[in-house]
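Novice: This is model-v5.pdb, which holds PDB, C-alpha atoms:
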MODEL        1
ATOM      1  CA  MET A  40      18.336   8.996  27.153
ATOM      2  CA  VAL A  41      17.225  10.692  23.953
ATOM      3  CA  GLU A  42      18.921  13.963  23.026
ATOM      4  CA  LEU A  43      17.537  16.263  20.364
ATOM      5  CA  ASP A  44      18.328  19.722  19.035
ATOM      6  CA  HIS A  45      15.904  22.096  17.392
ATOM      7  CA  ALA A  46      15.778  25.723  16.374
ATOM      8  CA  PHE A  47      12.813  28.056  16.459
ATOM      9  CA  GLN A  48      11.938  31.482  15.142
ATOM     10  CA  THR A  49       9.553  34.018  16.581
ATOM     11  CA  GLY A  50      10.621  37.139  14.706
ATOM     12  CA  LYS A  51      10.428  38.976  18.040
ATOM     13  CA  PRO A  52      13.128  40.770  20.018
ATOM     14  CA  ILE A  53      15.208  38.674  22.418
ATOM     15  CA  GLY A  54      13.787  40.399  25.501
ATOM     16  CA  GLU A  55      10.250  39.520  24.502
ATOM     17  CA  ASN A  56      11.202  35.880  23.778
ATOM     18  CA  TRP A  57      12.962  35.652  27.143
ATOM     19  CA  GLU A  58       9.890  36.826  29.028
ATOM     20  CA  ALA A  59       7.638  34.501  27.053
ATOM     21  CA  ILE A  60       9.571  31.271  27.638
ATOM     22  CA  LEU A  61       9.921  31.941  31.366
ATOM     23  CA  ASP A  62       6.160  32.306  31.676
ATOM     24  CA  LEU A  63       5.325  28.619  32.147
ATOM     25  CA  GLU A  64       1.611  29.297  31.920
ATOM     26  CA  ARG A  65       2.185  30.487  28.349
ATOM     27  CA  LEU A  66       4.928  28.000  27.484
ATOM     28  CA  VAL A  67       3.392  24.684  28.581
ATOM     29  CA  PRO A  68       0.237  24.957  26.384
ATOM     30  CA  CYS A  69       2.554  25.337  23.359
ATOM     31  CA  VAL A  70       3.194  21.602  23.721
ATOM     32  CA  GLU A  71       0.368  19.798  21.920
ATOM     33  CA  GLY A  72      -1.862  18.201  24.566
ATOM     34  CA  GLY A  73      -0.062  20.042  27.383
ATOM     35  CA  SER A  74      -1.827  22.099  30.029
ATOM     36  CA  VAL A  75      -1.036  23.742  33.351
ATOM     37  CA  ILE A  76      -3.017  22.366  36.280
ATOM     38  CA  GLU A  77      -1.683  24.678  38.957
ATOM     39  CA  LYS A  78       0.927  27.373  39.331
ATOM     40  CA  VAL A  79       3.083  26.427  42.325
ATOM     41  CA  ASP A  80       5.300  29.519  42.146
ATOM     42  CA  PRO A  81       6.579  31.763  39.327
ATOM     43  CA  GLU A  82       9.161  29.136  38.436
ATOM     44  CA  GLN A  83       7.194  25.945  38.814
ATOM     45  CA  VAL A  84       3.864  24.574  37.646
ATOM     46  CA  LYS A  85       1.986  21.312  37.974
ATOM     47  CA  ALA A  86       1.129  20.210  34.475
ATOM     48  CA  GLU A  87      -0.126  17.326  32.390
ATOM     49  CA  ILE A  88       0.210  16.200  28.831
ATOM     50  CA  LYS A  89      -2.183  13.997  26.940
ATOM     51  CA  VAL A  90      -0.583  12.304  23.949
ATOM     52  CA  LYS A  91      -3.178  10.981  21.513
ATOM     53  CA  MET A  92      -2.121   7.790  19.796
ATOM     54  CA  GLY A  93      -5.091   7.309  17.538
ATOM     55  CA  ALA A  94      -7.793   5.626  19.562
ATOM     56  CA  MET A  95      -5.709   5.442  22.694
ATOM     57  CA  SER A  96      -3.968   8.142  24.605
ATOM     58  CA  LEU A  97      -1.257   8.310  27.224
ATOM     59  CA  LYS A  98      -1.435  10.911  29.952
ATOM     60  CA  PHE A  99       1.557  12.099  31.955
ATOM     61  CA  LYS A 100       1.219  14.265  35.052
ATOM     62  CA  GLY A 101       3.987  16.060  36.840
ATOM     63  CA  THR A 102       5.870  19.304  37.181
ATOM     64  CA  VAL A 103       7.681  21.734  34.932
ATOM     65  CA  ALA A 104      10.237  23.935  36.661
ATOM     66  CA  VAL A 105      12.750  26.552  35.607
ATOM     67  CA  VAL A 106      15.890  25.117  37.229
ATOM     68  CA  GLU A 107      18.494  27.397  35.669
ATOM     69  CA  GLN A 108      18.259  30.847  34.171
ATOM     70  CA  ASP A 109      20.964  33.168  32.950
ATOM     71  CA  SER A 110      19.381  36.432  31.869
ATOM     72  CA  GLU A 111      22.688  37.723  30.491
ATOM     73  CA  ALA A 112      23.212  34.769  28.181
ATOM     74  CA  HIS A 113      19.441  34.317  27.695
ATOM     75  CA  ARG A 114      19.784  30.667  28.545
ATOM     76  CA  ALA A 115      17.260  28.735  30.654
ATOM     77  CA  VAL A 116      16.798  25.101  31.608
ATOM     78  CA  MET A 117      13.324  23.695  32.243
ATOM     79  CA  ARG A 118      13.043  20.388  34.063
ATOM     80  CA  VAL A 119      10.051  18.185  33.293
ATOM     81  CA  LYS A 120       9.284  15.365  35.733
ATOM     82  CA  SER A 121       6.199  13.334  35.079
ATOM     83  CA  LYS A 122       4.548  10.009  35.689
ATOM     84  CA  GLU A 123       2.148   8.147  33.446
ATOM     85  CA  ALA A 124      -1.397   8.442  34.822
ATOM     86  CA  GLY A 125      -2.565   4.985  35.823
ATOM     87  CA  GLY A 126       0.705   3.390  34.764
ATOM     88  CA  GLN A 127       4.299   2.796  35.733
ATOM     89  CA  GLY A 128       5.973   4.936  33.092
ATOM     90  CA  HIS A 129       7.863   8.176  33.470
ATOM     91  CA  ALA A 130       8.661  11.000  31.072
ATOM     92  CA  ASN A 131      11.424  13.258  32.332
ATOM     93  CA  ALA A 132      13.376  15.842  30.415
ATOM     94  CA  ASP A 133      15.752  18.756  30.723
ATOM     95  CA  VAL A 134      14.967  21.295  28.050
ATOM     96  CA  THR A 135      17.581  24.001  27.486
ATOM     97  CA  PHE A 136      16.541  27.198  25.712
ATOM     98  CA  SER A 137      19.237  29.448  24.254
ATOM     99  CA  LEU A 138      17.750  32.595  22.841
ATOM    100  CA  SER A 139      18.916  34.990  20.204
ATOM    101  CA  ASP A 140      17.160  37.874  18.499
ATOM    102  CA  GLY A 141      14.184  36.525  16.563
ATOM    103  CA  GLY A 142      14.305  32.991  17.950
ATOM    104  CA  GLY A 143      16.640  30.470  19.517
ATOM    105  CA  THR A 144      17.557  26.838  19.958
ATOM    106  CA  ILE A 145      16.235  24.066  22.148
ATOM    107  CA  HIS A 146      18.272  21.132  23.400
ATOM    108  CA  THR A 147      16.184  18.324  24.845
ATOM    109  CA  ALA A 148      17.535  15.468  26.933
ATOM    110  CA  ALA A 149      14.654  13.139  27.675
ATOM    111  CA  GLN A 150      14.211   9.886  29.487
ATOM    112  CA  ILE A 151      11.051   7.923  28.812
ATOM    113  CA  THR A 152      10.162   4.665  30.559
ATOM    114  CA  GLY A 153       7.139   2.369  30.637
ATOM    115  CA  LYS A 154       4.575   1.729  27.931
ATOM    116  CA  ALA A 155       5.760   4.538  25.675
ATOM    117  CA  ALA A 156       9.358   3.342  25.852
ATOM    118  CA  SER A 157       8.342  -0.202  24.946
ATOM    119  CA  MET A 158       7.902   1.052  21.374
ATOM    120  CA  GLY A 159      11.677   1.266  21.171
ATOM    121  CA  GLU A 160      14.123   4.150  21.239
ATOM    122  CA  GLY A 161      13.829   4.799  17.495
ATOM    123  CA  VAL A 162      10.087   5.291  17.762
ATOM    124  CA  VAL A 163      10.353   7.407  20.920
ATOM    125  CA  THR A 164      12.943   9.599  19.192
ATOM    126  CA  SER A 165      10.746  10.046  16.101
ATOM    127  CA  VAL A 166       7.694  10.957  18.172
ATOM    128  CA  LEU A 167       9.637  13.328  20.442
ATOM    129  CA  ASP A 168      11.248  14.964  17.423
ATOM    130  CA  ALA A 169       7.811  15.500  15.840
ATOM    131  CA  LEU A 170       6.390  16.782  19.155
ATOM    132  CA  ILE A 171       9.209  19.323  19.598
ATOM    133  CA  LYS A 172       9.001  20.452  15.945
ATOM    134  CA  ASP A 173       5.299  21.114  16.490
ATOM    135  CA  PHE A 174       6.201  22.951  19.729
ATOM    136  CA  THR A 175       8.749  25.166  17.934
ATOM    137  CA  GLU A 176       6.095  26.151  15.383
ATOM    138  CA  LYS A 177       3.724  27.145  18.183
ATOM    139  CA  LEU A 178       6.499  29.136  19.872
ATOM    140  CA  ALA A 179       6.395  31.484  16.884
ATOM    141  CA  ASN A 180       3.042  32.735  18.137
ATOM    142  CA  ILE A 181       3.725  32.717  21.854
TER     143      ILE A 181
ATOM    144  CA  MET B 107     -30.878  -7.572  -2.803
ATOM    145  CA  LEU B 108     -27.766  -8.117  -0.711
ATOM    146  CA  GLY B 109     -27.108  -6.764   2.755
ATOM    147  CA  PRO B 110     -25.891  -7.669   6.236
ATOM    148  CA  GLU B 111     -28.531 -10.445   6.430
ATOM    149  CA  ASN B 112     -26.784 -12.508   3.747
ATOM    150  CA  GLY B 113     -23.342 -10.995   3.473
ATOM    151  CA  ARG B 114     -20.478  -9.217   5.145
ATOM    152  CA  LEU B 115     -18.896  -5.980   3.963
ATOM    153  CA  THR B 116     -15.609  -5.183   5.676
ATOM    154  CA  VAL B 117     -12.887  -2.561   5.524
ATOM    155  CA  HIS B 118      -9.296  -3.436   6.373
ATOM    156  CA  THR B 119      -6.943  -0.599   7.267
ATOM    157  CA  ARG B 120      -3.223  -0.837   7.878
ATOM    158  CA  LYS B 121      -1.014   1.384  10.016
ATOM    159  CA  GLY B 122       2.168   3.138   8.949
ATOM    160  CA  GLY B 123       4.644   5.817   9.967
ATOM    161  CA  ALA B 124       7.623   5.863  12.318
ATOM    162  CA  ALA B 125       5.413   5.052  15.323
ATOM    163  CA  ALA B 126       3.389   2.351  13.549
ATOM    164  CA  LYS B 127       4.173  -0.004  16.453
ATOM    165  CA  ALA B 128       1.849   2.054  18.644
ATOM    166  CA  GLY B 129      -1.128   1.623  16.333
ATOM    167  CA  HIS B 130      -3.395  -1.159  15.169
ATOM    168  CA  ASP B 131      -4.385  -2.668  11.842
ATOM    169  CA  LEU B 132      -8.158  -2.562  11.857
ATOM    170  CA  LEU B 133     -10.924  -4.802  10.645
ATOM    171  CA  ILE B 134     -14.056  -2.691  10.403
ATOM    172  CA  GLU B 135     -17.470  -4.063   9.484
ATOM    173  CA  VAL B 136     -20.038  -1.995   7.654
ATOM    174  CA  THR B 137     -23.251  -2.963   9.423
ATOM    175  CA  SER B 138     -25.759  -1.136   7.240
ATOM    176  CA  TRP B 139     -25.497  -1.581   3.478
ATOM    177  CA  ARG B 140     -27.484  -2.635   0.433
ATOM    178  CA  GLY B 141     -26.113  -4.217  -2.716
ATOM    179  CA  THR B 142     -27.709  -5.347  -5.964
ATOM    180  CA  LEU B 143     -26.451  -7.691  -8.645
ATOM    181  CA  HIS B 144     -28.432  -7.813 -11.850
ATOM    182  CA  VAL B 145     -27.275 -10.438 -14.349
ATOM    183  CA  GLY B 146     -28.641 -10.006 -17.847
ATOM    184  CA  ASP B 147     -27.790  -8.477 -21.214
ATOM    185  CA  GLU B 148     -26.120  -5.800 -19.230
ATOM    186  CA  THR B 149     -24.885  -6.956 -15.846
ATOM    187  CA  THR B 150     -24.940  -4.235 -13.208
ATOM    188  CA  ILE B 151     -23.841  -3.947  -9.606
ATOM    189  CA  THR B 152     -24.760  -1.266  -7.111
ATOM    190  CA  LEU B 153     -23.850  -0.714  -3.489
ATOM    191  CA  ASN B 154     -24.981   1.815  -0.915
ATOM    192  CA  ALA B 155     -23.443   1.880   2.537
ATOM    193  CA  ASP B 156     -24.091   3.938   5.642
ATOM    194  CA  ALA B 157     -20.833   5.645   6.646
ATOM    195  CA  ARG B 158     -22.091   5.870  10.230
ATOM    196  CA  SER B 159     -22.538   2.109  10.514
ATOM    197  CA  MET B 160     -18.833   1.234  10.712
ATOM    198  CA  ARG B 161     -18.031  -1.006  13.664
ATOM    199  CA  VAL B 162     -14.493  -1.915  14.670
ATOM    200  CA  ARG B 163     -14.353  -5.710  15.012
ATOM    201  CA  GLU B 164     -10.628  -6.357  15.423
ATOM    202  CA  GLY B 165      -7.453  -4.447  16.025
ATOM    203  CA  SER B 166      -4.170  -6.260  15.563
ATOM    204  CA  GLY B 167      -0.680  -5.126  16.493
ATOM    205  CA  GLY B 168      -0.295  -2.177  18.845
ATOM    206  CA  MET B 169       1.213  -1.981  22.301
ATOM    207  CA  THR B 170      -1.966  -3.041  24.041
ATOM    208  CA  SER B 171      -5.129  -4.682  22.790
ATOM    209  CA  LEU B 172      -8.060  -2.489  21.815
ATOM    210  CA  GLY B 173     -10.788  -2.289  24.423
ATOM    211  CA  ASP B 174     -14.447  -1.485  23.807
ATOM    212  CA  ASP B 175     -13.832   2.189  24.654
ATOM    213  CA  ASP B 176     -10.975   2.359  22.151
ATOM    214  CA  LYS B 177     -13.190   0.816  19.476
ATOM    215  CA  SER B 178     -15.946   3.369  20.176
ATOM    216  CA  ASN B 179     -13.376   6.162  19.979
ATOM    217  CA  ILE B 180     -12.291   4.979  16.541
ATOM    218  CA  GLU B 181     -15.913   4.794  15.361
ATOM    219  CA  GLN B 182     -16.468   8.323  16.678
ATOM    220  CA  THR B 183     -13.357   9.527  14.849
ATOM    221  CA  ILE B 184     -14.587   7.961  11.587
ATOM    222  CA  ASP B 185     -17.910   9.780  12.034
ATOM    223  CA  ASP B 186     -16.450  13.125  13.125
ATOM    224  CA  GLU B 187     -13.205  13.421  11.209
ATOM    225  CA  VAL B 188     -12.947  10.870   8.415
ATOM    226  CA  LEU B 189     -16.178  10.017   6.594
ATOM    227  CA  LYS B 190     -18.425  12.445   8.485
ATOM    228  CA  GLY B 191     -21.545  10.477   7.569
ATOM    229  CA  THR B 192     -21.211  11.221   3.853
ATOM    230  CA  PRO B 193     -22.903   8.861   1.356
ATOM    231  CA  ILE B 194     -21.018   5.816   0.108
ATOM    232  CA  GLU B 195     -22.326   4.719  -3.266
ATOM    233  CA  PHE B 196     -21.023   2.479  -6.013
ATOM    234  CA  ARG B 197     -22.482   2.129  -9.519
ATOM    235  CA  SER B 198     -20.909  -0.218 -12.045
ATOM    236  CA  THR B 199     -20.288   0.993 -15.582
ATOM    237  CA  ALA B 200     -19.046  -2.335 -16.972
ATOM    238  CA  CYS B 201     -19.061  -5.936 -15.707
ATOM    239  CA  GLU B 202     -17.244  -8.601 -17.696
ATOM    240  CA  PHE B 203     -17.462 -12.294 -16.861
ATOM    241  CA  SER B 204     -14.436 -14.543 -17.319
ATOM    242  CA  PRO B 205     -14.859 -17.308 -19.982
ATOM    243  CA  GLU B 206     -15.459 -19.832 -17.168
ATOM    244  CA  GLY B 207     -18.087 -17.576 -15.676
ATOM    245  CA  ASP B 208     -16.577 -17.806 -12.198
ATOM    246  CA  ARG B 209     -14.997 -14.366 -12.110
ATOM    247  CA  MET B 210     -16.211 -10.922 -12.948
ATOM    248  CA  HIS B 211     -14.169  -7.834 -13.701
ATOM    249  CA  VAL B 212     -16.096  -4.812 -12.492
ATOM    250  CA  SER B 213     -15.490  -1.173 -13.379
ATOM    251  CA  GLY B 214     -17.522   1.638 -11.966
ATOM    252  CA  GLU B 215     -17.676   4.813 -10.005
ATOM    253  CA  LEU B 216     -17.479   5.132  -6.250
ATOM    254  CA  GLU B 217     -18.692   8.099  -4.263
ATOM    255  CA  LEU B 218     -16.810   8.459  -1.000
ATOM    256  CA  ALA B 219     -16.344  11.410   1.360
ATOM    257  CA  GLY B 220     -18.182  13.681  -1.062
ATOM    258  CA  ARG B 221     -16.150  12.874  -4.153
ATOM    259  CA  ARG B 222     -16.554  10.435  -7.060
ATOM    260  CA  ALA B 223     -13.708   8.471  -8.586
ATOM    261  CA  PRO B 224     -13.424   5.436 -10.885
ATOM    262  CA  ILE B 225     -12.608   2.080  -9.353
ATOM    263  CA  THR B 226     -12.108  -1.456 -10.650
ATOM    264  CA  PHE B 227     -12.106  -4.787  -8.833
ATOM    265  CA  GLU B 228     -12.615  -8.513  -9.287
ATOM    266  CA  LEU B 229     -15.432 -10.610  -7.879
ATOM    267  CA  SER B 230     -15.448 -14.393  -7.596
ATOM    268  CA  LEU B 231     -18.551 -16.480  -7.991
ATOM    269  CA  SER B 232     -18.383 -19.941  -6.525
ATOM    270  CA  GLY B 233     -21.699 -21.703  -6.447
ATOM    271  CA  GLU B 234     -23.941 -19.331  -4.551
ATOM    272  CA  GLN B 235     -21.034 -17.505  -2.932
ATOM    273  CA  LEU B 236     -19.963 -14.067  -4.126
ATOM    274  CA  SER B 237     -16.725 -12.650  -2.822
ATOM    275  CA  GLY B 238     -14.092 -10.135  -3.733
ATOM    276  CA  SER B 239     -12.153  -7.152  -2.603
ATOM    277  CA  ALA B 240     -11.275  -3.713  -3.875
ATOM    278  CA  THR B 241      -8.426  -1.397  -3.045
ATOM    279  CA  VAL B 242      -9.611   2.090  -2.195
ATOM    280  CA  LYS B 243      -7.003   4.825  -2.176
ATOM    281  CA  GLN B 244      -8.205   7.548   0.174
ATOM    282  CA  THR B 245      -6.349  10.376  -1.568
ATOM    283  CA  ASP B 246      -8.162   9.527  -4.843
ATOM    284  CA  PHE B 247     -11.235  10.830  -3.033
ATOM    285  CA  GLY B 248      -9.576  13.946  -1.656
ATOM    286  CA  MET B 249      -9.283  12.369   1.789
ATOM    287  CA  LYS B 250      -6.297  12.971   4.037
ATOM    288  CA  PRO B 251      -5.491   9.626   5.676
ATOM    289  CA  TYR B 252      -5.956   9.877   9.439
ATOM    290  CA  SER B 253      -2.813  10.469  11.431
ATOM    291  CA  ALA B 254      -1.876  10.922  15.088
ATOM    292  CA  LEU B 255       1.234  11.443  17.196
ATOM    293  CA  PHE B 256       2.270  14.450  15.111
ATOM    294  CA  GLY B 257       2.049  12.475  11.896
ATOM    295  CA  THR B 258       4.293   9.629  13.080
ATOM    296  CA  LEU B 259       1.358   7.196  13.280
ATOM    297  CA  LYS B 260      -0.972   7.019  10.313
ATOM    298  CA  VAL B 261      -3.510   4.958   8.478
ATOM    299  CA  LEU B 262      -2.025   3.926   5.136
ATOM    300  CA  ASP B 263      -3.597   5.564   2.103
ATOM    301  CA  GLU B 264      -4.801   2.281   0.594
ATOM    302  CA  VAL B 265      -7.531   0.366   2.398
ATOM    303  CA  GLN B 266      -9.034  -2.957   1.351
ATOM    304  CA  VAL B 267     -12.785  -3.301   1.110
ATOM    305  CA  ALA B 268     -14.038  -6.884   0.999
ATOM    306  CA  VAL B 269     -17.424  -8.389   0.380
ATOM    307  CA  ASP B 270     -18.536 -11.926   1.038
ATOM    308  CA  ALA B 271     -22.173 -12.733   0.357
ATOM    309  CA  ARG B 272     -24.436 -15.694  -0.205
ATOM    310  CA  LEU B 273     -26.679 -15.380  -3.231
ATOM    311  CA  GLU B 274     -28.907 -18.349  -2.395
ATOM    312  CA  GLY B 275     -32.555 -17.350  -2.294
ATOM    313  CA  VAL B 276     -31.692 -13.732  -3.096
ATOM    314  CA  GLN B 277     -34.316 -12.013  -5.218
TER     315      GLN B 277
ENDMDL
END
Please express the file's structure as structure tokens.

Specialist:
Amino acid sequence: MVELDHAFQTGKPIGENWEAILDLERLVPCVEGGSVIEKVDPEQVKAEIKVKMGAMSLKFKGTVAVVEQDSEAHRAVMRVKSKEAGGQGHANADVTFSLSDGGGTIHTAAQITGKAASMGEGVVTSVLDALIKDFTEKLANI
Amino acid sequence: MLGPENGRLTVHTRKGGAAAKAGHDLLIEVTSWRGTLHVGDETTITLNADARSMRVREGSGGMTSLGDDDKSNIEQTIDDEVLKGTPIEFRSTACEFSPEGDRMHVSGELELAGRRAPITFELSLSGEQLSGSATVKQTDFGMKPYSALFGTLKVLDEVQVAVDARLEGVQ
């Protein structure tokens, strides 16, 4: 299990940020290589992420669901469950958003198995950290 | 005149970054190039290479071995994002032989990715065999070394360019 904490800034009011992060069709594409395949219901989508590793790429397919939301505290938990396309690996994560005016924080608890994990936890942590940092920058324009 | 018919021009890249384990060190062959060596009062060397003729021959390291598709993807990336088919040209400005005559110190100017920069390297002459290698620093030419995985996997700035050619019968 890899746990990471990040902060992000949007410069927008908390209500607007709250609406934006709960809209999975807007949120998922903020992850580099991520896209929504199908909206299952307002709180769940089928999605995939293609992670380019130079010449090669790894693709994970699965679901992203809002499993907890507290509109008073502006806190939401998204659960990512995915499987490596054509492989045995999994990439699962609980991503907790805590919003404040102008931005918020993200706590990620991820579990990666298979080919990606064979690089070692240090590498997985570095890549995930870079991926989430990139995500937080894109959140500014959501 | 030297070229692929009597020599081999190769580029060796190395991987770096936190996720270097995921990448490969590459041996790339330049398959279309022309070189000249003129020995006289003033010894000169020239080289022209086609940036679109790079072929990935070997990839070492990495989590899985490089397949033919992966190699084509790298070649496509070189063409689209790295060298973009720009001319590669070297002209020597000074060539000095060692007292034994078996080595040559070469200084000159290299055009790469649309920019010119000075470069120096050593060549060895052994019988009819000419060989040597030069270190090319991509940022000296305004290039941003290729990176992936959000910058955690990258090609190191310095790449080695090697030449190995047979001078026998060369006009």

Novice: Determine the axis-aligned bounding box of all atoms of region 223-227 of chain B present in the file, pad each side by 6 Å, and express its centre and edge lengths in Å to one decimal place as lines of an AutoDock Vina configuration file.

Specialist:
center_x = -12.9
center_y = 1.8
center_z = -9.7
size_x = 13.6
size_y = 25.3
size_z = 14.3

Novice: When you draw a straight line from CA of Ala223 (chain B) to CA of Leu153 (chain B), how long is it in Å?

Specialist: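 Between these atoms lies a distance of 14.6 Å.
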
Novice: Would you please work out which residue, of B:Ser239, B:Asp156, B:Ala124, B:Asp246, is nearest to Ser165 (chain A) when using all atoms listed in the file?

Specialist: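 Smallest distance to Ser165 (chain A) is found for B:Ala124.
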
Novice: Run the PyMOL selection byres ((chain B) within 10 of (chain A)) against the file shown and list the residues it catches, as a ChimeraX atom specification.

Specialist: /B:123-130,168-170,172-173,175-183,252-261

Novice: Hey, what's within 12 Å of region 264-266 of chain B if we count all atoms listed in the file and toss same-chain stuff fewer than 2 positions away? As number ranges by chain, please?

Specialist: B: 115-122, 131-135, 227, 238-247, 249-252, 260-262, 268-269

Novice: As an exercise, work out the distance from CA of Pro224 (chain B) to CA of Asp186 (chain B) in Å and give it to one decimal place.

Specialist: 25.4 Å

Novice: Restricting the calculation to all atoms listed in the file: of A:Gln108, A:Thr102, A:Ser74, A:Thr144, which residue gets closest to Asp44 (chain A)?

Specialist: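 Closest candidate: A:Thr144.
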
Novice: Could you tell me, as a list in words, exactly which residues end up selected when the PyMOL selection byres ((chain B and resi 137-141) around 8) is applied to this structure?

Specialist: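 Checking the PyMOL selection byres ((chain B and resi 137-141) around 8) against this file, the residues are Met107, Leu108, Gly109, Pro110, Leu115, Glu135, Val136, Thr142, Leu143, Ile151, Thr152, Leu153, Asn154, Ala155, Asp156, Ser159, Met160 and Arg161 of chain B.
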
Novice: Go ahead and save the residues from that selection, with C-alpha atoms, as a compact mmCIF listing (two decimals), in the frame of the given file.

Specialist:
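Dumped everything to selection_8.txt:
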# COMPACT_ATOMS: atom_id res chain seq x y z
CA MET B 107 -30.88 -7.57 -2.80
CA LEU B 108 -27.77 -8.12 -0.71
CA GLY B 109 -27.11 -6.76 2.76
CA PRO B 110 -25.89 -7.67 6.24
CA LEU B 115 -18.90 -5.98 3.96
CA GLU B 135 -17.47 -4.06 9.48
CA VAL B 136 -20.04 -2.00 7.65
CA THR B 142 -27.71 -5.35 -5.96
CA LEU B 143 -26.45 -7.69 -8.64
CA ILE B 151 -23.84 -3.95 -9.61
CA THR B 152 -24.76 -1.27 -7.11
CA LEU B 153 -23.85 -0.71 -3.49
CA ASN B 154 -24.98 1.82 -0.92
CA ALA B 155 -23.44 1.88 2.54
CA ASP B 156 -24.09 3.94 5.64
CA SER B 159 -22.54 2.11 10.51
CA MET B 160 -18.83 1.23 10.71
CA ARG B 161 -18.03 -1.01 13.66

Novice: How many Å lie between CA of Gly54 (chain A) and CA of Lys177 (chain A), rounded to one decimal?

Specialist: 18.2 Å

Novice: Taking the file as I've supplied it (selection: the PyMOL selection byres ((chain A and resi 47) around 8)), which residues are included? Please answer as a list of chain:residue names.

Specialist: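 Against this file, the PyMOL selection byres ((chain A and resi 47) around 8) returns the residues A:His45, A:Ala46, A:Gln48, A:Thr49, A:Gly142, A:Gly143, A:Thr144, A:Ile145, A:Thr175, A:Glu176, A:Leu178, A:Ala179.
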
Novice: What lies within 6 Å of Lys89 (chain A) using all atoms listed in the file, ignoring chain neighbours under 6 positions off, as an mmCIF file with C-alpha atoms, in the frame of the given file?

Specialist:
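Just written: around_26.cif:
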data_model
loop_
_atom_site.group_PDB
_atom_site.id
_atom_site.type_symbol
_atom_site.label_atom_id
_atom_site.label_comp_id
_atom_site.auth_asym_id
_atom_site.auth_seq_id
_atom_site.Cartn_x
_atom_site.Cartn_y
_atom_site.Cartn_z
ATOM 1 C CA GLY A 72 -1.862 18.201 24.566
ATOM 2 C CA LEU A 97 -1.257 8.310 27.224
ATOM 3 C CA LYS A 98 -1.435 10.911 29.952
#
